[in-house]
Structure formats: structure tokens, C-alpha cells
There are 2 protein chains.
Amino acid sequence: MSFMLEEIRQQPDVVRRIISEEWPRVEALAAEIKRREIVFVFVAARGTSNNVAQYAKYVLEIQHGLPVALAAPSVFTLYEAVPHLGPNALVLGISQSGAAPDVTEVVRRARETGALTACITNEPESVLAQAAEFPLLIGAGEEVGVAATKTYTGSLALLGLLSAALDDNHPERLMHLSRAAEAMEKSLGLDEAVHHLVEKYADMSDCVILGRGFNQATTMELALKLTETCYVSAKSYSAADFQHGPIAQVVKGYPCLLFAPDGKAFAPMARLAEKLRAQHPALICFAHDAAFLAGSETAVRIPAAVPEWVSPLVYIVAGQLFTYWLATLKGFDPDCPRGLEKVTQTR
Amino acid sequence: MSFMLEEIRQQPDVVRRIISEEWPRVEALAAEIKRREIVFVFVAARGTSNNVAQYAKYVLEIQHGLPVALAAPSVFTLYEAVPHLGPNALVLGISQSGAAPDVTEVVRRARETGALTACITNEPESVLAQAAEFPLLIGAGEEVGVAATKTYTGSLALLGLLSAALDDNHPERLMHLSRAAEAMEKSLGLDEAVHHLVEKYADMSDCVILGRGFNQATTMELALKLTETCYVSAKSYSAADFQHGPIAQVVKGYPCLLFAPDGKAFAPMARLAEKLRAQHPALICFAHDAAFLAGSETAVRIPAAVPEWVSPLVYIVAGQLFTYWLATLKGFDPDCPRGLEKVTQTR
């Protein structure tokens, strides 16, 4: 069995461990965020971690009213500029390896200006963990597959935990996270079905991946996985931005992957699916709603419904399986993408 | 002649008009930003305007230390959440039509929370212009082509003017902007050369577009233009993010468009080109540096060197011409992309 598939399967346990063991560290950060009266959050990340950052934006803005900016690390590294962040800003670096020089540089510089600093990493001894005052640990064990899977969902879980810790009603949020871990387990049961359905897409060379709101992160992460392990030219769009231009590209049979979990984003996604059907694309829908799925060429029915805000943990599992089986079918080794190493160091 | 080509050619005049006539309005906003002690900026935009927002992030963070967040409008519209912005935040809505309901909603809600509000639009009577306290006007005349060109560079010019107005050394910045308008004029002279060189790429169905720093916006904008008018699956990446995964997709002959203007981003772009050459892609380079261009399969030499921060105004002109001629060569009408209307209303 490949490392990627093995690590996909470890994800529910990684999330459960985070819920049961990382609360004290996360709660300490939440207390500091309240004490320092943080008014905005600045997140630095690259690659998969940048997709985690996208999730952070939705969670912190929607659930806590904290405006979130995604850092452009080159502002710090290439142009040697340091935005005025100051004591009311939280700077959060995300890097599973903790070895990203540019992400670490943002955290270090921000700390010098007096900002509160935290990070999410899988490596407690890394330079990033040392640079930040509050390191949050994924604790997923070594991730051997070059395509990140369990460190991605582990990072989402840490953000979920942070959201719970910032909330007065935290038992409810914690219960949602536990339900997400169970639902991830159930999604792993899609393995055979997904293995079978990708056969139809063996020749897929490009596609778009569409979602909205919390699952914007899911579309970005699946696009990255498909690009790096299947060499598919996959592009992710918010359902709204997609209609501002890129929709022009859709013709008969063009693969469009849609994420439409239950929740606030369901109605606009269903409307987009309707609009797309006029062009007769190959619609591949990931959803729980059976009626919605009935109209798509390919339906991936996510077995368990969860509150929308934790659905990215669950829906990406189906996307990871889709990627894994497509790469295998195309004859690629998903553990060893061409020209990539596990740790990418950019400045 | 198509509207798109006509509007591409109007761009130097649009920028010159902005420099000479929009200063008072821009200066009034700059004075208010200083008076209100604005500490961060929140930009709401969709489609092409979102690429303008990306430029705003680099300009305001690098030149003025103002952290910039790009809004996710669905946070406001779909989830009905309003991040706590408050009196020290500037909220900037960007929409050439001024008719984007989601962008207008962000500005309206932010204004209710006491934030300073401004907008960039081509329509002085639009709902967006009315929602914001400080409307900045592109004044490009009607843009008929569905693919935005002159309103894109006009919006960049307004941001350049704002940067000048925020700066004590504004005569120098204004001179840079004037030089950019001249350099845009010279870039229009690439028309014949670009018309000729796209012939080689008549069958291009997908590509990546790479840049870094200020020209991140250029890569995003060119990707959008190629997608909506040529139906090419074009993906833009920061040169750094690209190396965190998507680079795996590059094989012999794969089209990679690189933007490498003189400046801080030149060295990392030259290193990336070197790294890419090992895979023998079809390198299409946009640069001024002749030595760098000598090694690429296709060289688009931008005639005039300008300071890096205004280079996005100049380099996109070559990209627009590339798009226009490729669409024409492929037999598409660039003025009427499939399934698009000039004003897209998403919520």
C-alpha cells in the first residue's frame, strides 16, 4: 500500500488525538488572543498550508468577527518590507515541516514588531515552532507521502479547536469536531466506490473544482493534489468568481467537480450546477443531499451530514481518494511526484 | 477592429487622464487615511477587480506598511457575518461596473461599523460609488469588450496615484506613473510581433503563468483573460507556491509563461526559469533583460524599463495582446466570450 493511502486512512485518528490532547495549548492561545484584544489576524503559509489559511479566514471571520489577511511572504523576504502589525495583531505561520524559510521569516519579523505569534506545524523542534510564541502541534506522526493529507486535515482540526476555545459555547463546537472525525471515518468507506468511478476519468487532463464559503479551502486543496500527483491541470474557483469569466471555458464533457455540502453554500452551489447543466459538462458532485446528486453525471455521496463549518475535514477525504485512485489509474506513483521533495524551501 | 483591441490601445490615454485629473479626489482619500490613522485595509472585489486587489496588497504593504486583507464577500452575503473592522480600517470596493451586489454589500456593511470606505469604479452613478464615502473614478469611457482591459490598468493607475498621495516623496512616484504610461504606449508597438509569435501556440489548451511580487497581479489577470477569451486552462502561480507542488505538472513542451521584469523579483524568476529548463517546457518569457530572454523559446521583450512597482501596468499590455491574437487565431470573438455578460452579478 502506498504511503499516501495509508496516511489518508490515519486522518480520523489524527483529528481525534488533536481534540483530546491539544486543547490546553490551543486554549492558552485563545486566552492570549482575548487578553491582548487581537483585532486582526495575518496568516503566512505556502502550498497546502495556504489552503489551510483559507479555511482559517472563513472560520475566524464568520465565527469570531476577526478579519483575516493572507500574507504575501515575498513582501517580507523579497522586498524586505514589514507591514505595521503591532500588539493587536495575531500572526499565524502554517507549515507542516516547520522548515519554510519565508513563513518563518514573516513570524519572526512580526514578533519583533510586537505582534502576538503562533504557528501550526507537525514538527515541534522546527525553526517555525521556535520562532512563534504559541506553537500548535499537529502530532500526526511522520508524513512520508509528498502530497500532504493528514497534516492538512490535522491543521484544519487545530483551527476548529481554536475556534471552539475562542467561543463561550465551546462544548457544542467540540462535539461538531468529534462528529467530523466520525464522518471522516465513514468517508473512508467510499474507497471502493471512488476507485471504481474514477475509471471514467482516466484521460482527464484538466478540470475545474468549484465550491463556496468554508469549502473554498477544499476546492483549492483538491486542485493542488490533482495537479501534483495526477498532473491534471486543475483549477479551483469560488462559485462566484467562476461566473465572472472562467465559466466561458466550459464545453460539453468538460469535467467540473462541485462541492455542495449541506449548509449556507448549498443553495448557490445548486444554482450553479443548474446553470452549468446548460453546457452539458461532466459534472462530478460531492454532496450529502441525495436529490441534488441525482442530477449529476457522477455522484460522490458523502455518507454523513455534519455542520457546514467542519465539512471541509470530511469532504476533502473523498477528494483525496479521488486523487489517489486517479494517479494510480494513470500509472503514476502518488508518493513520488515528479520534481518535488517533501520539504520545499522558498524565500 | 474588435472592441478589445481598441480598448487595449486606449490604455495609455486612460492612465494619463487619471494622473492629470484624479489627483484631488485621491489626495482627499489619502488625507483621510492619515487623519483617521488607518491601520489596515480590507479590499472587496471579484474577477478582474480581484487581480487589482492583489496589486493593492503589494503596493500598500511594501510602500506604506499597511497590512491588506482581500475580503471573501461570501462571509458577508452568504453567512451574514460582519468582521469587526471599525474606525481604523479602510474598506475598498473595486468593481468597474459598480454593480457588483456582493462588493457593494461589503462596503455598505463596513461603513455601518464605522470603517472608512472608498471604491474604484468606472461608473460614477453606480450603487458602489454611492455606497462608499470616497469613490475614485477610472473615467475610461465605456468599456464594451466583455474582457476588461482599460478598466484594469486604470484601476492599477488609481492605486499608484493613491500610493503617491500617501507618500511624502510624491513627485517621484508621479513621475514613475507617467513613465509607465509612456512604456505602455511603447508596449503597444509589440502588436505585430505578438501577432506573429502566437501562431506557434494555436493549439495551446493549457498553460501556467508565473510571476512574483508586484506582478503576481499580472499573472492572475493574464490567466483570467486567456481562460475567458481563448478557453485555455490557464493557471497562475506565485513562483514560490508553484514550487510547492504544481511544478510537478511540467513536462517537455508544456507552455510556461514567465514574467520577469527588472527589479527585486527578477533574480528569483531567473532561478525558476533555470530550474524549469531541466524539464524542457515551452518557455514564453516577458522581460526587458535581453540576456535573460536569450535563453527562452519565445521572448517578448518589453521595450521600456520602468520601476518595478509600476511594471504591472506595462507588462499586462503584452499579455492582453497575446490573448487578443490567440483568441483571434483560434477563431473566437474576444468581444463575446461564451456564456458571459459584461456585468456579472453574484451575491
# chains A, B, ... in the order shown; residues from 1 in each chain; ligands from 1
>>> closest_atom_pairs(of="chain B", to="chain A", cutoff="8 Å", atoms="only C-alpha atoms", output="Markdown table")
| residue | atom | partner | partner_atom | distance |
| --- | --- | --- | --- | --- |
| B:Val39 | CA | A:His84 | CA | 7.5 |
| B:Arg46 | CA | A:Asp241 | CA | 5.8 |
| B:Gly47 | CA | A:His244 | CA | 5.2 |
| B:Tyr58 | CA | A:Val75 | CA | 6.8 |
| B:Glu61 | CA | A:Pro83 | CA | 5.5 |
| B:Ile62 | CA | A:Ala81 | CA | 5.3 |
| B:Gln63 | CA | A:Ala81 | CA | 7.8 |
| B:His64 | CA | A:Pro83 | CA | 7.6 |
| B:Gly65 | CA | A:Pro83 | CA | 3.9 |
| B:Leu66 | CA | A:Pro83 | CA | 5.5 |
| B:Pro67 | CA | A:Pro83 | CA | 5.4 |
| B:Val68 | CA | A:Ala69 | CA | 6.4 |
| B:Ala69 | CA | A:Ala69 | CA | 4.0 |
| B:Leu70 | CA | A:Ala69 | CA | 6.6 |
| B:Ala72 | CA | A:Tyr58 | CA | 7.9 |
| B:Ser74 | CA | A:Gly213 | CA | 6.1 |
| B:Val75 | CA | A:Ile62 | CA | 6.1 |
| B:Leu78 | CA | A:Lys264 | CA | 6.3 |
| B:Tyr79 | CA | A:Lys264 | CA | 6.7 |
| B:Ala81 | CA | A:Ile62 | CA | 5.3 |
| B:Val82 | CA | A:Gly65 | CA | 6.2 |
| B:Pro83 | CA | A:Gly65 | CA | 3.9 |
| B:His84 | CA | A:Gly65 | CA | 5.3 |
| B:Leu85 | CA | A:Pro67 | CA | 7.1 |
| B:Asp206 | CA | A:Ser233 | CA | 7.3 |
| B:Arg212 | CA | A:Ser74 | CA | 7.7 |
| B:Gly213 | CA | A:Ser74 | CA | 6.1 |
| B:Leu224 | CA | A:Pro246 | CA | 6.7 |
| B:Thr227 | CA | A:Pro246 | CA | 5.6 |
| B:Glu228 | CA | A:Gly245 | CA | 5.2 |
| B:Thr229 | CA | A:Ala248 | CA | 7.6 |
| B:Tyr231 | CA | A:Gln249 | CA | 4.5 |
| B:Val232 | CA | A:Gln249 | CA | 7.2 |
| B:Ser233 | CA | A:Ser233 | CA | 7.2 |
| B:Lys235 | CA | A:Lys235 | CA | 6.8 |
| B:Ala240 | CA | A:Thr346 | CA | 5.8 |
| B:Asp241 | CA | A:Gly47 | CA | 5.5 |
| B:Phe242 | CA | A:Gly47 | CA | 7.9 |
| B:Gln243 | CA | A:Thr344 | CA | 7.0 |
| B:His244 | CA | A:Gly47 | CA | 5.2 |
| B:Gly245 | CA | A:Glu228 | CA | 5.2 |
| B:Pro246 | CA | A:Glu228 | CA | 5.2 |
| B:Ile247 | CA | A:Gly339 | CA | 7.2 |
| B:Ala248 | CA | A:Arg338 | CA | 4.9 |
| B:Gln249 | CA | A:Tyr231 | CA | 4.5 |
| B:Val250 | CA | A:Tyr231 | CA | 8.0 |
| B:Lys264 | CA | A:Leu78 | CA | 6.3 |
| B:Ala265 | CA | A:Leu78 | CA | 7.0 |
| B:Pro337 | CA | A:Ala248 | CA | 6.1 |
| B:Arg338 | CA | A:Ala248 | CA | 4.9 |
| B:Gly339 | CA | A:Ala248 | CA | 5.5 |
| B:Leu340 | CA | A:Ala248 | CA | 6.4 |
| B:Thr344 | CA | A:His244 | CA | 5.8 |
| B:Thr346 | CA | A:Ala240 | CA | 5.8 |
| B:Arg347 | CA | A:Ala240 | CA | 7.5 |
>>> residues_around(residues="Glu22 of chain A", least_positions_apart="2", cutoff="9 Å", atoms="only C-alpha atoms", output="JSON, numbers by chain")
{"A": [17, 18, 19, 20, 24, 25, 26, 27, 136, 137, 138, 158, 161]}
>>> write_last_selection(atoms="N, CA, C and O atoms", output="compact mmCIF listing (two decimals), in the first residue's frame")
# COMPACT_ATOMS: atom_id res chain seq x y z
N ARG A 17 -7.01 12.59 18.09
CA ARG A 17 -5.91 12.87 19.02
C ARG A 17 -5.82 14.37 19.30
O ARG A 17 -5.62 14.79 20.45
N ILE A 18 -5.97 15.16 18.26
CA ILE A 18 -5.90 16.62 18.44
C ILE A 18 -6.99 17.09 19.39
O ILE A 18 -6.74 17.87 20.32
N ILE A 19 -8.22 16.59 19.16
CA ILE A 19 -9.33 17.01 20.03
C ILE A 19 -9.05 16.64 21.49
O ILE A 19 -9.27 17.44 22.41
N SER A 20 -8.51 15.45 21.70
CA SER A 20 -8.36 15.01 23.09
C SER A 20 -7.09 15.53 23.75
O SER A 20 -7.03 15.67 24.96
N PRO A 24 -5.22 22.06 25.80
CA PRO A 24 -4.55 23.02 26.70
C PRO A 24 -3.72 24.06 25.93
O PRO A 24 -3.79 25.26 26.21
N ARG A 25 -2.96 23.60 24.94
CA ARG A 25 -2.13 24.54 24.16
C ARG A 25 -3.00 25.52 23.38
O ARG A 25 -2.71 26.72 23.31
N VAL A 26 -4.08 25.01 22.78
CA VAL A 26 -4.96 25.86 21.99
C VAL A 26 -5.70 26.86 22.89
O VAL A 26 -5.84 28.03 22.56
N GLU A 27 -6.11 26.37 24.05
CA GLU A 27 -6.83 27.24 24.98
C GLU A 27 -5.93 28.38 25.49
O GLU A 27 -6.39 29.51 25.68
N LEU A 136 1.18 25.44 17.85
CA LEU A 136 0.14 24.41 17.95
C LEU A 136 0.63 23.20 17.15
O LEU A 136 1.10 23.36 16.02
N LEU A 137 0.50 22.01 17.74
CA LEU A 137 1.14 20.83 17.13
C LEU A 137 0.14 19.86 16.53
O LEU A 137 -0.84 19.47 17.18
N ILE A 138 0.40 19.49 15.28
CA ILE A 138 -0.49 18.57 14.58
C ILE A 138 -0.34 17.15 15.14
O ILE A 138 -1.32 16.42 15.26
N LEU A 158 -6.95 21.73 14.17
CA LEU A 158 -6.40 22.68 15.16
C LEU A 158 -7.12 24.03 15.07
O LEU A 158 -7.39 24.67 16.09
N LEU A 161 -10.41 23.66 16.69
CA LEU A 161 -10.23 23.67 18.15
C LEU A 161 -10.02 25.11 18.65
O LEU A 161 -10.56 25.51 19.68
>>> residues_around(residues="Arg36 of chain B", least_positions_apart="4", cutoff="8 Å", atoms="only C-alpha atoms", output="list in words")
Glu32, Pro87 and Asn88 of chain B
>>> select_by_dssp(residues="segment 69-265 of chain B", states="alpha helix (DSSP H)", output="PyMOL selection string")
chain B and resi 73-77+101-112+127-131+150-165+170-188+191-197+216-230+239-242
>>> residues_around(residues="Ile209 of chain B", least_positions_apart="4", cutoff="6 Å", atoms="only C-alpha atoms", output="ChimeraX atom specification")
/B:219,236,256-258
>>> select_by_dssp(residues="segment 181-329 of chain B", states="strand (DSSP E or B)", output="list of chain:residue names")
B:Asp206, B:Cys207, B:Val208, B:Ile209, B:Leu210, B:Gly211, B:Ser233, B:Ala234, B:Lys235, B:Ser236, B:Tyr237, B:Ser238, B:Pro255, B:Cys256, B:Leu257, B:Leu258, B:Phe259, B:Ala260, B:Ala282, B:Leu283, B:Ile284, B:Cys285, B:Phe286, B:Ala287, B:Thr298, B:Ala299, B:Val300, B:Arg301
>>> closest_residue(among="B:Val194, B:Lys252, B:Tyr152, B:Leu272", to="Leu210 of chain B", atoms="only C-alpha atoms")
B:Leu272
>>> residues_around(residues="Tyr324 of chain B", least_positions_apart="2", cutoff="10 Å", atoms="only C-alpha atoms", output="ChimeraX atom specification")
/B:2,4-5,8,147,191,194-195,198,225-226,229-230,318-322,326-329,332-335
>>> write_last_selection(atoms="C-alpha atoms", output="CSV table (one decimal), in the first residue's frame")
chain,number,residue,atom,x,y,z
B,2,SER,CA,-12.6,44.5,-32.2
B,4,MET,CA,-11.0,44.6,-27.1
B,5,LEU,CA,-8.1,45.7,-29.3
B,8,ILE,CA,-6.2,47.9,-25.2
B,147,ALA,CA,-12.9,41.1,-21.2
B,191,ASP,CA,1.4,44.2,-31.6
B,194,VAL,CA,3.0,39.2,-30.7
B,195,HIS,CA,0.5,38.6,-33.5
B,198,VAL,CA,1.2,33.3,-31.1
B,225,LYS,CA,-8.0,36.8,-19.9
B,226,LEU,CA,-6.7,33.5,-21.5
B,229,THR,CA,-11.4,34.6,-24.3
B,230,CYS,CA,-9.3,31.7,-25.5
B,318,ALA,CA,1.8,42.5,-23.8
B,319,GLY,CA,-0.3,39.8,-22.1
B,320,GLN,CA,-3.5,41.4,-23.4
B,321,LEU,CA,-2.1,41.5,-27.0
B,322,PHE,CA,-1.1,37.8,-26.6
B,326,LEU,CA,-4.5,33.9,-29.7
B,327,ALA,CA,-8.3,34.2,-29.4
B,328,THR,CA,-8.5,35.5,-33.0
B,329,LEU,CA,-6.2,32.8,-34.3
B,332,PHE,CA,-13.0,33.1,-31.2
B,333,ASP,CA,-14.5,36.5,-30.9
B,334,PRO,CA,-12.7,38.0,-28.0
B,335,ASP,CA,-15.5,40.6,-27.5
>>> atom_distance(atom1="atom CA of Leu29 of chain B", atom2="atom CA of Thr113 of chain B")
18.6 Å
>>> atom_distance(atom1="atom CA of Ala270 of chain A", atom2="atom CA of Thr323 of chain A")
23.8 Å
>>> decode(residues="segment 264-275 of chain B", atoms="N, CA, C and O atoms", output="PDB file, in the first residue's frame")
ATOM      1  N   LYS B 264      13.267  43.543  -7.888  1.00  0.00           N
ATOM      2  CA  LYS B 264      13.555  42.552  -6.844  1.00  0.00           C
ATOM      3  C   LYS B 264      13.094  41.147  -7.229  1.00  0.00           C
ATOM      4  O   LYS B 264      13.636  40.155  -6.754  1.00  0.00           O
ATOM      5  N   ALA B 265      12.052  41.059  -8.045  1.00  0.00           N
ATOM      6  CA  ALA B 265      11.542  39.727  -8.393  1.00  0.00           C
ATOM      7  C   ALA B 265      12.334  39.094  -9.534  1.00  0.00           C
ATOM      8  O   ALA B 265      12.127  37.927  -9.859  1.00  0.00           O
ATOM      9  N   PHE B 266      13.253  39.851 -10.132  1.00  0.00           N
ATOM     10  CA  PHE B 266      13.957  39.320 -11.300  1.00  0.00           C
ATOM     11  C   PHE B 266      14.807  38.088 -10.955  1.00  0.00           C
ATOM     12  O   PHE B 266      14.717  37.046 -11.626  1.00  0.00           O
ATOM     13  N   ALA B 267      15.609  38.183  -9.905  1.00  0.00           N
ATOM     14  CA  ALA B 267      16.523  37.081  -9.578  1.00  0.00           C
ATOM     15  C   ALA B 267      15.778  35.768  -9.297  1.00  0.00           C
ATOM     16  O   ALA B 267      16.111  34.733  -9.881  1.00  0.00           O
ATOM     17  N   PRO B 268      14.736  35.784  -8.421  1.00  0.00           N
ATOM     18  CA  PRO B 268      14.024  34.508  -8.221  1.00  0.00           C
ATOM     19  C   PRO B 268      13.346  33.986  -9.485  1.00  0.00           C
ATOM     20  O   PRO B 268      13.256  32.772  -9.685  1.00  0.00           O
ATOM     21  N   MET B 269      12.897  34.885 -10.354  1.00  0.00           N
ATOM     22  CA  MET B 269      12.268  34.419 -11.598  1.00  0.00           C
ATOM     23  C   MET B 269      13.317  33.801 -12.522  1.00  0.00           C
ATOM     24  O   MET B 269      13.056  32.800 -13.200  1.00  0.00           O
ATOM     25  N   ALA B 270      14.500  34.400 -12.551  1.00  0.00           N
ATOM     26  CA  ALA B 270      15.579  33.839 -13.386  1.00  0.00           C
ATOM     27  C   ALA B 270      15.981  32.460 -12.857  1.00  0.00           C
ATOM     28  O   ALA B 270      16.222  31.532 -13.637  1.00  0.00           O
ATOM     29  N   ARG B 271      16.021  32.315 -11.535  1.00  0.00           N
ATOM     30  CA  ARG B 271      16.355  30.998 -10.957  1.00  0.00           C
ATOM     31  C   ARG B 271      15.279  29.969 -11.301  1.00  0.00           C
ATOM     32  O   ARG B 271      15.577  28.821 -11.611  1.00  0.00           O
ATOM     33  N   LEU B 272      14.021  30.383 -11.250  1.00  0.00           N
ATOM     34  CA  LEU B 272      12.938  29.457 -11.586  1.00  0.00           C
ATOM     35  C   LEU B 272      13.040  29.035 -13.057  1.00  0.00           C
ATOM     36  O   LEU B 272      12.856  27.858 -13.391  1.00  0.00           O
ATOM     37  N   ALA B 273      13.338  29.999 -13.934  1.00  0.00           N
ATOM     38  CA  ALA B 273      13.475  29.668 -15.366  1.00  0.00           C
ATOM     39  C   ALA B 273      14.568  28.620 -15.550  1.00  0.00           C
ATOM     40  O   ALA B 273      14.411  27.654 -16.302  1.00  0.00           O
ATOM     41  N   GLU B 274      15.662  28.800 -14.835  1.00  0.00           N
ATOM     42  CA  GLU B 274      16.781  27.853 -14.905  1.00  0.00           C
ATOM     43  C   GLU B 274      16.322  26.460 -14.470  1.00  0.00           C
ATOM     44  O   GLU B 274      16.580  25.460 -15.144  1.00  0.00           O
ATOM     45  N   LYS B 275      15.626  26.420 -13.359  1.00  0.00           N
ATOM     46  CA  LYS B 275      15.125  25.137 -12.825  1.00  0.00           C
ATOM     47  C   LYS B 275      14.158  24.474 -13.809  1.00  0.00           C
ATOM     48  O   LYS B 275      14.202  23.270 -14.038  1.00  0.00           O
TER      49      LYS B 275
END
